[in-house]
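One file, my_file04.cif, is given below (mmCIF, C-alpha atoms).
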```
data_coords
#
loop_
_atom_site.label_atom_id
_atom_site.label_comp_id
_atom_site.auth_asym_id
_atom_site.auth_seq_id
_atom_site.Cartn_x
_atom_site.Cartn_y
_atom_site.Cartn_z
CA MET M 1 0.00 0.00 0.00
CA LYS M 2 2.72 2.43 1.07
CA ILE M 3 4.76 1.67 -2.05
CA VAL M 4 1.75 2.37 -4.28
CA ASN M 5 1.11 5.67 -2.47
CA LEU M 6 4.76 6.62 -2.76
CA THR M 7 4.76 5.75 -6.47
CA LEU M 8 1.65 7.86 -7.04
CA ARG M 9 3.22 10.76 -5.17
CA ILE M 10 6.43 10.53 -7.21
CA ALA M 11 4.43 10.34 -10.44
CA ILE M 12 2.34 13.41 -9.50
CA GLY M 13 5.51 15.30 -8.57
CA ALA M 14 7.16 14.33 -11.85
CA SER M 15 4.17 15.35 -13.98
CA LEU M 16 3.94 18.69 -12.17
CA ALA M 17 7.67 19.27 -12.52
CA ALA M 18 7.52 18.48 -16.25
CA SER M 19 4.76 21.03 -16.85
CA GLY M 20 6.38 23.62 -14.57
CA VAL M 21 9.85 23.29 -16.08
CA VAL M 22 8.51 23.53 -19.65
CA HIS M 23 6.52 26.68 -18.78
CA ALA M 24 9.61 28.18 -17.10
CA TYR M 25 11.73 27.26 -20.16
CA LEU M 26 9.24 28.90 -22.53
CA TYR M 27 9.11 31.97 -20.26
CA ILE M 28 12.90 32.30 -20.40
CA HIS M 29 13.01 31.71 -24.17
CA GLY M 30 10.70 34.43 -25.41
CA TYR M 31 7.29 34.08 -23.79
CA ARG M 32 8.20 36.66 -21.14
CA ASP M 33 7.73 39.34 -23.81
CA ILE M 34 4.07 38.43 -24.33
CA PRO M 35 1.80 40.71 -22.27
CA THR M 36 -0.04 38.94 -19.38
CA VAL M 37 0.60 35.47 -20.84
CA GLY M 38 4.32 35.84 -20.08
CA SER M 39 3.65 36.55 -16.38
CA ALA M 40 1.17 33.67 -16.29
CA PHE M 41 3.91 31.33 -17.59
CA LEU M 42 6.26 32.52 -14.83
CA LEU M 43 3.58 31.97 -12.17
CA GLN M 44 2.63 28.56 -13.55
CA GLY M 45 6.28 27.46 -13.70
CA SER M 46 7.11 28.50 -10.15
CA VAL M 47 3.86 27.23 -8.57
CA PHE M 48 4.05 23.83 -10.30
CA CYS M 49 7.72 23.34 -9.37
CA ALA M 50 6.97 24.27 -5.75
CA LEU M 51 4.01 21.87 -5.65
CA ALA M 52 6.15 19.10 -7.15
CA VAL M 53 8.76 19.47 -4.41
CA LEU M 54 6.20 19.62 -1.58
CA ILE M 55 4.14 16.68 -2.82
CA LEU M 56 7.30 14.59 -3.19
CA ALA M 57 8.21 15.60 0.36
CA GLY M 58 4.94 14.09 1.57
CA GLY M 59 2.79 17.21 1.89
CA PRO M 60 -0.89 17.08 2.83
CA GLY M 61 -3.69 16.16 0.44
CA TRP M 62 -4.81 19.70 -0.29
CA LEU M 63 -1.54 20.27 -2.18
CA GLN M 64 -2.66 17.62 -4.66
CA LEU M 65 -6.04 19.29 -4.92
CA VAL M 66 -4.31 22.60 -5.71
CA ALA M 67 -2.16 20.76 -8.28
CA ALA M 68 -5.26 19.29 -9.95
CA ILE M 69 -6.97 22.71 -10.08
CA GLY M 70 -3.78 24.23 -11.52
CA ALA M 71 -3.50 21.48 -14.14
CA MET M 72 -7.14 21.95 -15.10
CA GLY M 73 -6.60 25.74 -15.36
CA SER M 74 -3.53 25.24 -17.56
CA LEU M 75 -5.47 22.93 -19.88
CA VAL M 76 -8.33 25.44 -20.14
CA ALA M 77 -5.82 28.22 -20.92
CA PHE M 78 -4.24 25.98 -23.57
CA ALA M 79 -7.65 25.36 -25.16
CA LEU M 80 -8.48 29.10 -25.11
CA SER M 81 -5.16 30.00 -26.74
CA ARG M 82 -6.03 27.58 -29.59
CA THR M 83 -9.57 28.85 -30.06
CA VAL M 84 -10.77 32.33 -29.06
CA GLY M 85 -7.38 33.55 -27.83
CA LEU M 86 -6.09 34.27 -24.34
CA PHE M 87 -5.40 37.92 -23.45
CA GLY M 88 -4.87 38.63 -27.13
CA PHE M 89 -2.51 35.68 -27.57
CA ALA M 90 -3.23 32.77 -29.87
CA GLU M 91 -1.32 29.76 -31.12
CA THR M 92 -2.09 26.92 -33.47
CA GLY M 93 -2.24 23.20 -32.77
CA TRP M 94 0.74 21.72 -30.98
CA GLN M 95 3.01 24.74 -31.46
CA PRO M 96 5.51 25.31 -29.95
CA SER M 97 6.56 21.74 -30.60
CA PRO M 98 7.28 19.58 -28.63
CA TYR M 99 6.61 21.73 -25.55
CA ALA M 100 2.85 22.13 -26.03
CA ALA M 101 2.36 18.36 -26.24
CA ILE M 102 4.62 17.72 -23.21
CA THR M 103 2.67 20.12 -21.00
CA VAL M 104 -0.74 18.81 -22.10
CA VAL M 105 0.31 15.19 -21.45
CA ALA M 106 1.84 16.17 -18.09
CA GLU M 107 -1.26 18.08 -16.98
CA VAL M 108 -3.67 15.32 -18.04
CA LEU M 109 -1.44 12.87 -16.14
CA THR M 110 -1.55 15.09 -13.06
CA LEU M 111 -5.37 15.07 -13.17
CA LEU M 112 -5.52 11.28 -13.62
CA LEU M 113 -2.98 10.59 -10.87
CA VAL M 114 -4.61 12.93 -8.35
CA GLY M 115 -7.98 11.36 -9.20
CA THR M 116 -6.55 7.87 -8.69
CA THR M 117 -5.02 8.88 -5.36
CA ALA M 118 -8.33 10.34 -4.18
CA LEU M 119 -10.27 7.23 -5.22
CA ARG M 120 -7.78 4.93 -3.49
CA GLN M 121 -8.00 6.80 -0.23
CA ARG M 122 -11.76 7.20 -0.04
CA PRO M 123 -12.60 3.67 1.22
CA ARG M 124 -9.78 3.85 3.73
CA ALA M 125 -11.12 7.11 5.15
CA SER M 126 -14.52 5.49 5.73
CA LYS M 127 -12.79 2.60 7.51
CA ASP M 128 -11.03 5.13 9.75
CA ASP M 129 -14.36 6.75 10.48
CA VAL M 130 -15.72 3.38 11.56
CA ASP M 131 -12.68 2.83 13.80
CA VAL M 132 -13.08 6.24 15.37
CA ARG M 133 -16.80 5.69 15.95
CA ARG M 134 -16.07 2.24 17.44
CA ARG M 135 -13.46 3.74 19.77
CA SER M 136 -15.72 6.55 20.90
CA SER M 137 -18.65 4.20 21.52
CA SER M 138 -16.43 1.95 23.66
CA VAL M 139 -15.45 5.00 25.75
CA GLU M 140 -19.07 5.94 26.28
CA MET M 141 -20.02 2.50 27.55
CA PRO M 142 -17.42 1.46 30.12
CA ARG M 143 -19.75 -0.92 31.88
CA MET V 1 -5.07 12.09 1.58
CA SER V 2 -2.75 11.95 4.59
CA ALA V 3 -3.50 12.34 8.27
CA GLU V 4 -5.03 8.91 8.39
CA ASN V 5 -5.04 8.81 12.18
CA ASP V 6 -6.41 12.31 12.67
CA PRO V 7 -9.59 12.55 14.68
CA PRO V 8 -12.50 14.43 13.07
CA GLY V 9 -12.03 18.23 13.09
CA MET V 10 -8.68 19.96 13.18
CA THR V 11 -6.48 20.28 16.21
CA ARG V 12 -4.23 23.26 16.77
CA ARG V 13 -1.25 21.07 15.98
CA GLN V 14 -2.75 20.03 12.65
CA LEU V 15 -3.58 23.63 11.84
CA MET V 16 0.03 24.61 12.50
CA ARG V 17 1.25 21.74 10.35
CA HIS V 18 -0.98 22.76 7.43
CA GLY V 19 0.06 26.37 7.94
CA ALA V 20 3.68 25.32 7.71
CA TRP V 21 3.05 23.44 4.44
CA PHE V 22 1.21 26.47 3.08
CA GLY V 23 4.08 28.73 4.10
CA ALA V 24 6.55 26.37 2.46
CA ALA V 25 4.46 26.44 -0.74
CA VAL V 26 4.48 30.24 -0.80
CA VAL V 27 8.21 30.47 -0.05
CA LEU V 28 9.11 27.88 -2.70
CA THR V 29 6.86 29.55 -5.28
CA VAL V 30 8.41 32.97 -4.66
CA ALA V 31 11.94 31.50 -4.65
CA GLY V 32 11.22 29.55 -7.85
CA GLY V 33 9.81 32.67 -9.49
CA GLU V 34 12.92 34.62 -8.48
CA VAL V 35 15.22 31.95 -9.93
CA ILE V 36 13.31 31.78 -13.22
CA SER V 37 13.20 35.59 -13.51
CA HIS V 38 16.92 35.77 -12.73
CA VAL V 39 17.77 33.20 -15.41
CA ALA V 40 15.50 35.02 -17.88
CA GLY V 41 17.11 38.33 -16.87
CA SER V 42 20.63 37.02 -17.44
CA ALA V 43 19.56 35.57 -20.78
CA GLY V 44 18.06 38.96 -21.69
CA ALA V 45 21.14 40.82 -20.47
CA ALA V 46 23.40 38.55 -22.50
CA GLN V 47 21.19 39.25 -25.49
CA GLN V 48 21.25 42.99 -24.84
CA SER V 49 25.02 43.09 -24.39
CA THR V 50 25.25 42.30 -28.09
CA ARG V 51 23.72 45.26 -29.87
CA PRO V 52 20.80 44.15 -32.00
CA ALA V 53 21.70 43.99 -35.67
CA LEU V 54 18.38 45.63 -36.54
CA ARG V 55 16.04 47.86 -34.58
CA PHE V 56 12.92 49.38 -36.01
CA ALA V 57 9.59 50.73 -34.87
CA GLN V 58 6.08 49.97 -36.08
CA ILE V 59 3.35 52.56 -36.10
CA SER V 60 -0.08 51.94 -37.55
CA ASP V 61 -3.57 53.13 -38.38
CA SER V 62 -3.11 56.85 -37.82
CA HIS V 63 -6.36 57.58 -39.73
CA ILE V 64 -5.42 61.22 -40.26
CA GLY V 65 -8.67 62.97 -41.09
CA PHE V 66 -10.86 60.89 -38.79
CA ASN V 67 -13.17 62.96 -36.65
CA GLY V 68 -15.43 61.24 -34.16
CA PRO V 69 -16.06 60.77 -30.45
CA ALA V 70 -13.69 57.76 -30.34
CA ASN V 71 -10.82 60.22 -30.88
CA PRO V 72 -11.61 63.88 -31.57
CA ASN V 73 -7.94 64.64 -32.31
CA VAL V 74 -6.10 61.90 -34.20
CA THR V 75 -3.41 64.38 -35.24
CA ASP V 76 -2.51 64.94 -31.61
CA THR V 77 -2.28 61.23 -30.76
CA PHE V 78 -0.25 60.56 -33.93
CA ASN V 79 2.13 63.37 -32.95
CA HIS V 80 2.49 61.78 -29.52
CA ALA V 81 3.29 58.43 -31.13
CA ILE V 82 5.98 60.09 -33.27
CA GLY V 83 7.40 61.77 -30.15
CA GLN V 84 7.43 58.44 -28.33
CA ILE V 85 9.42 56.79 -31.13
CA ASN V 86 11.84 59.74 -31.09
CA SER V 87 12.32 59.14 -27.34
CA LEU V 88 13.26 55.46 -27.56
CA GLY V 89 16.84 56.28 -26.60
CA TYR V 90 18.27 55.13 -29.93
CA THR V 91 17.64 55.87 -33.58
CA PRO V 92 15.62 53.06 -35.12
CA ASP V 93 17.02 51.77 -38.42
CA PHE V 94 13.65 52.58 -39.93
CA VAL V 95 10.00 53.07 -39.04
CA ILE V 96 7.24 51.11 -40.74
CA HIS V 97 3.69 52.46 -40.91
CA THR V 98 1.41 49.47 -41.52
CA GLY V 99 -1.40 51.30 -43.25
CA ASP V 100 -4.47 53.45 -42.93
CA LEU V 101 -2.24 56.48 -42.84
CA THR V 102 -5.28 58.54 -43.81
CA HIS V 103 -8.95 58.10 -43.09
CA LEU V 104 -10.42 59.10 -46.45
CA ALA V 105 -7.41 59.16 -48.79
CA THR V 106 -7.79 62.83 -49.74
CA PRO V 107 -4.73 64.66 -51.15
CA GLY V 108 -4.82 66.96 -48.10
CA GLN V 109 -4.73 64.02 -45.69
CA PHE V 110 -1.83 62.40 -47.59
CA ASP V 111 0.07 65.70 -47.51
CA GLN V 112 -0.55 66.06 -43.79
CA VAL V 113 0.54 62.55 -42.84
CA LYS V 114 3.61 62.73 -45.10
CA GLN V 115 4.59 65.99 -43.46
CA MET V 116 4.09 64.53 -39.98
CA LEU V 117 6.17 61.46 -40.77
CA THR V 118 9.15 63.68 -41.59
CA GLY V 119 9.24 64.43 -37.85
CA LEU V 120 10.42 60.88 -37.14
CA ASN V 121 14.03 60.62 -36.08
CA THR V 122 14.99 57.74 -38.38
CA PRO V 123 16.87 57.43 -41.67
CA ARG V 124 13.95 55.78 -43.49
CA VAL V 125 10.18 55.49 -43.25
CA PHE V 126 8.39 52.64 -45.01
CA THR V 127 4.65 52.26 -45.45
CA VAL V 128 2.07 49.81 -46.75
CA PRO V 129 -1.39 51.02 -47.72
CA GLY V 130 -4.55 50.34 -45.76
CA GLU V 131 -8.00 50.12 -47.32
CA HIS V 132 -8.68 53.68 -46.09
CA ASP V 133 -5.72 54.85 -48.22
CA SER V 134 -7.27 53.50 -51.40
CA THR V 135 -10.97 54.23 -50.99
CA ASP V 136 -11.76 55.56 -54.47
CA ASP V 137 -8.77 55.25 -56.78
CA ALA V 138 -7.23 51.79 -56.29
CA GLY V 139 -4.39 53.38 -54.34
CA GLN V 140 -3.19 55.92 -56.92
CA LYS V 141 -2.95 58.87 -54.53
CA TYR V 142 -1.23 56.61 -51.99
CA ARG V 143 1.38 55.58 -54.56
CA GLN V 144 1.91 59.19 -55.60
CA ALA V 145 2.69 60.06 -52.00
CA PHE V 146 4.47 56.91 -50.80
CA GLY V 147 5.03 54.66 -53.80
CA ALA V 148 8.52 55.77 -54.82
CA GLY V 149 10.77 52.76 -55.39
CA THR V 150 7.99 50.22 -55.08
CA ARG V 151 6.84 47.65 -57.63
CA GLY V 152 3.45 46.69 -59.01
CA ASP V 153 0.70 48.27 -56.93
CA GLY V 154 3.13 49.37 -54.23
CA TRP V 155 4.82 46.22 -52.95
CA TYR V 156 8.56 46.04 -52.33
CA SER V 157 11.33 44.25 -50.48
CA PHE V 158 14.69 45.23 -49.04
CA ASP V 159 17.50 43.85 -46.89
CA ILE V 160 18.99 45.30 -43.74
CA ALA V 161 21.52 43.62 -41.46
CA GLY V 162 20.95 40.20 -42.98
CA VAL V 163 17.17 40.42 -42.53
CA HIS V 164 14.93 40.30 -45.60
CA LEU V 165 11.89 42.56 -45.29
CA ILE V 166 8.86 42.48 -47.60
CA GLY V 167 6.11 45.11 -47.79
CA LEU V 168 2.84 43.76 -49.21
CA VAL V 169 -0.35 45.38 -50.45
CA ASN V 170 -3.46 43.36 -49.53
CA THR V 171 -6.04 46.14 -49.62
CA LEU V 172 -6.71 46.34 -53.36
CA ASN V 173 -9.17 44.22 -55.38
CA MET V 174 -10.55 42.86 -52.13
CA GLN V 175 -14.05 41.62 -51.47
CA LYS V 176 -14.42 41.01 -47.75
CA LEU V 177 -10.99 39.65 -46.89
CA GLY V 178 -7.64 41.12 -47.85
CA HIS V 179 -6.26 40.03 -51.21
CA LEU V 180 -2.76 39.83 -52.61
CA GLY V 181 -3.43 38.76 -56.19
CA ALA V 182 -1.50 36.68 -58.70
CA ASP V 183 1.09 39.35 -59.60
CA GLN V 184 2.06 39.94 -56.00
CA LEU V 185 2.17 36.22 -55.23
CA GLU V 186 4.54 35.78 -58.16
CA PHE V 187 6.64 38.66 -56.83
CA ILE V 188 6.92 36.97 -53.40
CA GLU V 189 7.86 33.62 -54.91
CA LYS V 190 10.63 35.14 -57.05
CA ASP V 191 11.74 37.56 -54.34
CA VAL V 192 12.61 34.86 -51.80
CA ALA V 193 13.76 32.21 -54.28
CA GLY V 194 17.44 33.10 -54.00
CA LEU V 195 17.56 33.48 -50.23
CA SER V 196 19.10 30.92 -47.92
CA SER V 197 16.66 29.25 -45.53
CA ASP V 198 18.28 30.73 -42.44
CA THR V 199 17.60 34.32 -43.58
CA PRO V 200 15.15 35.92 -41.13
CA ILE V 201 12.09 37.15 -43.03
CA VAL V 202 9.85 40.02 -41.91
CA VAL V 203 6.61 40.70 -43.79
CA PHE V 204 4.55 43.89 -43.48
CA SER V 205 0.94 44.11 -44.54
CA HIS V 206 -2.08 46.10 -43.47
CA ILE V 207 -4.67 43.34 -43.17
CA PRO V 208 -3.54 40.27 -41.17
CA LEU V 209 -2.10 37.42 -43.22
CA PHE V 210 -3.67 35.00 -40.75
CA ALA V 211 -7.36 34.37 -40.17
CA MET V 212 -7.79 36.58 -37.12
CA TYR V 213 -11.54 37.03 -37.60
CA PRO V 214 -12.70 36.41 -41.18
CA ASP V 215 -16.32 37.41 -40.40
CA TRP V 216 -15.07 40.97 -40.06
CA GLY V 217 -12.66 40.67 -42.98
CA TRP V 218 -9.69 40.25 -40.65
CA GLY V 219 -7.75 37.87 -42.84
CA THR V 220 -6.34 37.57 -46.37
CA ASP V 221 -7.95 35.13 -48.78
CA ASP V 222 -4.78 34.10 -50.64
CA ALA V 223 -2.29 34.41 -47.76
CA THR V 224 -1.83 30.63 -47.58
CA GLN V 225 -0.24 30.72 -51.04
CA ALA V 226 2.09 33.55 -50.01
CA LEU V 227 3.08 31.81 -46.78
CA SER V 228 3.80 28.56 -48.63
CA TYR V 229 6.74 30.36 -50.31
CA LEU V 230 8.07 31.24 -46.85
CA LYS V 231 7.68 27.76 -45.36
CA ARG V 232 11.33 26.79 -45.75
CA PHE V 233 12.63 29.76 -43.75
CA SER V 234 13.44 29.15 -40.12
CA SER V 235 12.11 32.51 -38.91
CA VAL V 236 9.23 34.43 -40.46
CA THR V 237 7.65 37.38 -38.67
CA CYS V 238 4.52 39.02 -40.07
CA LEU V 239 3.51 42.45 -38.78
CA ASN V 240 0.16 43.99 -39.61
CA GLY V 241 -2.21 46.76 -38.59
CA HIS V 242 -5.92 47.09 -39.47
CA VAL V 243 -7.35 45.48 -36.31
CA HIS V 244 -6.33 48.33 -33.96
CA GLN V 245 -5.25 45.96 -31.19
CA VAL V 246 -2.28 43.89 -30.13
CA PHE V 247 -2.68 40.22 -31.02
CA SER V 248 -0.22 37.44 -31.76
CA LYS V 249 -0.41 33.99 -33.26
CA THR V 250 2.11 31.32 -34.19
CA GLU V 251 1.66 28.92 -37.08
CA GLY V 252 4.66 26.65 -37.56
CA ASN V 253 7.67 28.80 -38.45
CA VAL V 254 5.56 31.96 -38.84
CA THR V 255 4.62 34.34 -36.04
CA PHE V 256 1.98 36.97 -36.72
CA TYR V 257 1.76 40.15 -34.69
CA SER V 258 -1.10 42.59 -35.08
CA GLY V 259 -0.19 46.07 -33.92
CA THR V 260 -2.37 48.65 -32.26
CA THR V 261 -3.34 52.06 -33.63
CA THR V 262 -2.57 55.68 -32.90
CA ALA V 263 -6.17 56.71 -33.63
CA TYR V 264 -9.00 54.78 -31.94
CA PRO V 265 -9.64 51.25 -30.65
CA LEU V 266 -11.81 48.63 -32.34
CA PRO V 267 -13.66 45.89 -30.45
CA ALA V 268 -12.06 42.51 -29.81
CA PRO V 269 -12.93 39.91 -32.48
CA GLY V 270 -16.63 39.06 -32.39
CA GLN V 271 -17.47 41.49 -29.61
CA GLY V 272 -20.31 43.41 -31.17
CA PRO V 273 -21.95 43.29 -34.58
CA ALA V 274 -19.20 45.09 -36.49
CA PRO V 275 -15.70 46.54 -36.03
CA LYS V 276 -16.82 50.10 -35.33
CA PRO V 277 -14.68 52.67 -33.43
CA VAL V 278 -14.97 52.21 -29.67
CA THR V 279 -15.38 55.32 -27.53
CA LEU V 280 -13.57 54.77 -24.24
CA PRO V 281 -14.17 56.65 -20.98
CA ALA V 282 -12.27 59.92 -20.61
CA GLY V 283 -8.56 59.39 -19.97
CA LYS V 284 -8.56 55.78 -21.15
CA LEU V 285 -7.95 56.34 -24.87
CA ARG V 286 -4.16 56.46 -24.79
CA GLU V 287 -4.00 53.11 -23.00
CA ALA V 288 -5.54 51.53 -26.10
CA LEU V 289 -3.13 53.28 -28.50
CA GLY V 290 0.56 52.66 -28.90
CA VAL V 291 3.70 51.97 -30.87
CA ARG V 292 5.91 48.90 -31.19
CA GLU V 293 9.67 48.34 -31.04
CA VAL V 294 11.14 45.40 -32.94
CA SER V 295 14.71 44.20 -32.75
CA TYR V 296 16.74 41.40 -34.23
CA THR V 297 19.98 40.12 -32.76
CA LYS V 298 22.22 37.91 -34.90
CA GLY V 299 22.17 34.34 -33.66
CA GLN V 300 18.64 34.64 -32.28
CA GLN V 301 16.00 32.88 -34.29
CA ALA V 302 13.06 35.10 -33.38
CA LEU V 303 12.66 38.85 -33.45
CA ALA V 304 11.97 40.57 -30.13
CA LEU V 305 8.89 42.78 -29.93
CA LYS V 306 7.96 45.33 -27.33
CA ASP V 307 4.56 46.99 -27.42
CA GLN V 308 4.32 50.38 -25.74
CA LYS V 309 1.14 52.17 -24.78
CA LEU V 310 0.92 55.79 -25.80
CA ALA V 311 2.40 57.84 -22.98
#
```

Structure rendered as structure tokens:
Amino acid sequence: MKIVNLTLRIAIGASLAASGVVHAYLYIHGYRDIPTVGSAFLLQGSVFCALAVLILAGGPGWLQLVAAIGAMGSLVAFALSRTVGLFGFAETGWQPSPYAAITVVAEVLTLLLVGTTALRQRPRASKDDVDVRRRSSSVEMPR
Amino acid sequence: MSAENDPPGMTRRQLMRHGAWFGAAVVLTVAGGEVISHVAGSAGAAQQSTRPALRFAQISDSHIGFNGPANPNVTDTFNHAIGQINSLGYTPDFVIHTGDLTHLATPGQFDQVKQMLTGLNTPRVFTVPGEHDSTDDAGQKYRQAFGAGTRGDGWYSFDIAGVHLIGLVNTLNMQKLGHLGADQLEFIEKDVAGLSSDTPIVVFSHIPLFAMYPDWGWGTDDATQALSYLKRFSSVTCLNGHVHQVFSKTEGNVTFYSGTTTAYPLPAPGQGPAPKPVTLPAGKLREALGVREVSYTKGQQALALKDQKLA
């Protein structure tokens, strides 16, 4: 069980780091000149790298929730930039290649892995609840 | 997802633990942002330490002669734009005006804009016509004023600092979208035929060469053909006016940049029934107007652009 959890955590960290590093790379190599979108790339890169480190270090569950929300936001921004435009910025298809594809795959992976982690832990939480209730009922009835 | 043994509710200890994780997240994010900015800054500084091989400014859609509530004094804002280019801190190699120099293409308006452009502190001024510059005579008055040294209906190309620049006319013989025409397409094909594929290419046109919003005519019907001749080049930058707003788009090796105006803003694509001048609240107009600096450093694949709002 612990090994599976650890593997999931490492995988989430890696997918976040991949997306964050690519955004930081694109920021350094030209995107910083694009109004608003450039700053968003800097923020995305630094937040995702920070989340990757903290999740790998065994941070609490809400960090993974934040990561999933961030990944979803990045995917929505990607879709907007390929359709109606995002703050006056638009790109086509999988440009810049291969970075666009790497980030989309990484962010979809983040969503899937966080979802898997949440699903795996749900039954266990209910078992804990039962244990807690059992313990409290035994305290109430000492006779 | 952790805290399996935690009782229901949150103890003070747990709160402190979560607070510590939150603090660590903020600190790491800020530190990461600093590192990335620093790396980007050093990359930029290294780039700046080599003087760009080419520096020019783009100015667009001055609409001299326009008179409406969206901008009651286009001459004043155009003068400010010229002053802003003259205050860049260096002399641009040239200034390109990407069309709609005048609003109604009258001889008086052409004279006025030509006179105003002489106030630019630059060795050369290039222009391409907008549809407002060729309202009633297929661009004849425009070519009389600005067509010296051009070919066909006013198109041309030139080389500076290893960069090949092409000025196109896509505002003649147009229906709804911009149109280049067979003669101009042939010119482009022949013009770039002898260039090596690593030559940076810069293309100027008034109407976008990409489909920014075809419902409003913001595109060029035969641009695909023109761009096919530029496919083999590693860096192609297309600069246009017409849409009165900053917009960028990348398609393969080509990056398109729409520039803003010095006259009045237009709505964002699809916002409203038609691209009519937008009247902004008092004091907000200049934020929607501006000029653009463009530079090219040898060894860099892409050109660097900096859009400035009108001061």

Put a box with edges along x, y and z around all the listed atoms of segment 6-19 of chain M, pad it by 4 Å on each side, then give me its centre and sizes in Å, one decimal, as lines of an AutoDock Vina configuration file.
```
center_x = 4.7
center_y = 13.4
center_z = -9.8
size_x = 14.0
size_y = 23.3
size_z = 22.1
```

From atom CA of Pro129 of chain V to atom CA of Ser234 of chain V the spacing works out at 27.5 Å

Considering all atoms listed in the file, give me a table of residues in chain M that are at most 6 Å from chain V, with the closest atom pair and distance in Å for each, as a tab-separated table.
```
residue	atom	partner	partner_atom	distance
M:Ile28	CA	V:Ala40	CA	4.5
M:Ser46	CA	V:Gly32	CA	4.8
M:Val47	CA	V:Thr29	CA	5.0
M:Ala50	CA	V:Leu28	CA	5.2
M:Pro60	CA	V:Ser2	CA	5.7
M:Gly61	CA	V:Met1	CA	4.4
M:Gly88	CA	V:Phe247	CA	4.7
M:Phe89	CA	V:Ser248	CA	5.1
M:Ala90	CA	V:Lys249	CA	4.6
M:Glu91	CA	V:Lys249	CA	4.8
M:Thr92	CA	V:Glu251	CA	5.6
```

Could you list, as JSON, numbers by chain, every residue within 7 Å of Lys309 of chain V, counting all atoms listed in the file and ignoring same-chain residues fewer than 3 positions away? {"V": [286, 287, 288, 289, 290, 291]}

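Each of V:Gly181, V:Gly194, V:Gly259, V:Pro267 was checked against Thr220 of chain V using all atoms listed in the file; the smallest atom-to-atom distance is that of V:Gly181.
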
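For the residues M:Ala100, M:Leu51, M:Val105, M:Ile3, ranking by smallest atom-to-atom distance to Val66 of chain M using only C-alpha atoms places M:Leu51 first.
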
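For the residues V:Gln175, V:Ser157, V:His242, V:Tyr90, ranking by smallest atom-to-atom distance to Lys190 of chain V using all atoms listed in the file places V:Ser157 first.
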
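Taking all atoms listed in the file, the non-local environment of segment 14-20 of chain M within 6 Å (same-chain residues fewer than 3 positions away omitted) comprises Ala11, His23, Gly45, Phe48, Cys49, Ala52, Thr103, Ala106 and Thr110 of chain M.
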
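With all atoms listed in the file as the atoms that count, the minimum distance from Ser97 of chain M to the choices M:Leu26, M:Leu65, M:Leu112, M:Ala71 is reached by M:Leu26.
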
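Reported to one decimal place, the separation of atom CA of His103 of chain V from atom CA of Asp133 of chain V is 6.9 Å.
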
Mind rebuilding segment 248-259 of chain V with N, CA and C atoms and writing that out as a PDB file, in the coordinates of the input?
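Listed below is the output, rebuild-v1.pdb:
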```pdb
ATOM      1  N   SER V 248      -1.295  38.227 -31.157  1.00  0.00           N
ATOM      2  CA  SER V 248      -0.220  37.440 -31.760  1.00  0.00           C
ATOM      3  C   SER V 248      -0.668  36.008 -31.962  1.00  0.00           C
ATOM      4  N   LYS V 249      -0.044  35.367 -32.919  1.00  0.00           N
ATOM      5  CA  LYS V 249      -0.410  33.990 -33.260  1.00  0.00           C
ATOM      6  C   LYS V 249       0.781  33.325 -33.923  1.00  0.00           C
ATOM      7  N   THR V 250       1.003  32.060 -33.580  1.00  0.00           N
ATOM      8  CA  THR V 250       2.110  31.320 -34.190  1.00  0.00           C
ATOM      9  C   THR V 250       1.560  30.174 -35.015  1.00  0.00           C
ATOM     10  N   GLU V 251       2.027  30.061 -36.230  1.00  0.00           N
ATOM     11  CA  GLU V 251       1.660  28.920 -37.080  1.00  0.00           C
ATOM     12  C   GLU V 251       2.941  28.352 -37.650  1.00  0.00           C
ATOM     13  N   GLY V 252       3.407  27.249 -37.091  1.00  0.00           N
ATOM     14  CA  GLY V 252       4.660  26.650 -37.560  1.00  0.00           C
ATOM     15  C   GLY V 252       5.817  27.615 -37.390  1.00  0.00           C
ATOM     16  N   ASN V 253       6.498  27.924 -38.508  1.00  0.00           N
ATOM     17  CA  ASN V 253       7.670  28.800 -38.450  1.00  0.00           C
ATOM     18  C   ASN V 253       7.293  30.285 -38.506  1.00  0.00           C
ATOM     19  N   VAL V 254       6.003  30.570 -38.635  1.00  0.00           N
ATOM     20  CA  VAL V 254       5.560  31.960 -38.840  1.00  0.00           C
ATOM     21  C   VAL V 254       4.885  32.496 -37.578  1.00  0.00           C
ATOM     22  N   THR V 255       5.299  33.680 -37.149  1.00  0.00           N
ATOM     23  CA  THR V 255       4.620  34.340 -36.040  1.00  0.00           C
ATOM     24  C   THR V 255       3.990  35.624 -36.565  1.00  0.00           C
ATOM     25  N   PHE V 256       2.723  35.788 -36.265  1.00  0.00           N
ATOM     26  CA  PHE V 256       1.980  36.970 -36.720  1.00  0.00           C
ATOM     27  C   PHE V 256       1.774  37.899 -35.524  1.00  0.00           C
ATOM     28  N   TYR V 257       1.985  39.175 -35.758  1.00  0.00           N
ATOM     29  CA  TYR V 257       1.760  40.150 -34.690  1.00  0.00           C
ATOM     30  C   TYR V 257       0.914  41.299 -35.244  1.00  0.00           C
ATOM     31  N   SER V 258      -0.284  41.433 -34.729  1.00  0.00           N
ATOM     32  CA  SER V 258      -1.100  42.590 -35.080  1.00  0.00           C
ATOM     33  C   SER V 258      -0.707  43.731 -34.154  1.00  0.00           C
ATOM     34  N   GLY V 259      -0.569  44.915 -34.737  1.00  0.00           N
ATOM     35  CA  GLY V 259      -0.190  46.070 -33.920  1.00  0.00           C
ATOM     36  C   GLY V 259      -1.403  46.917 -33.597  1.00  0.00           C
TER      37      GLY V 259
END
```
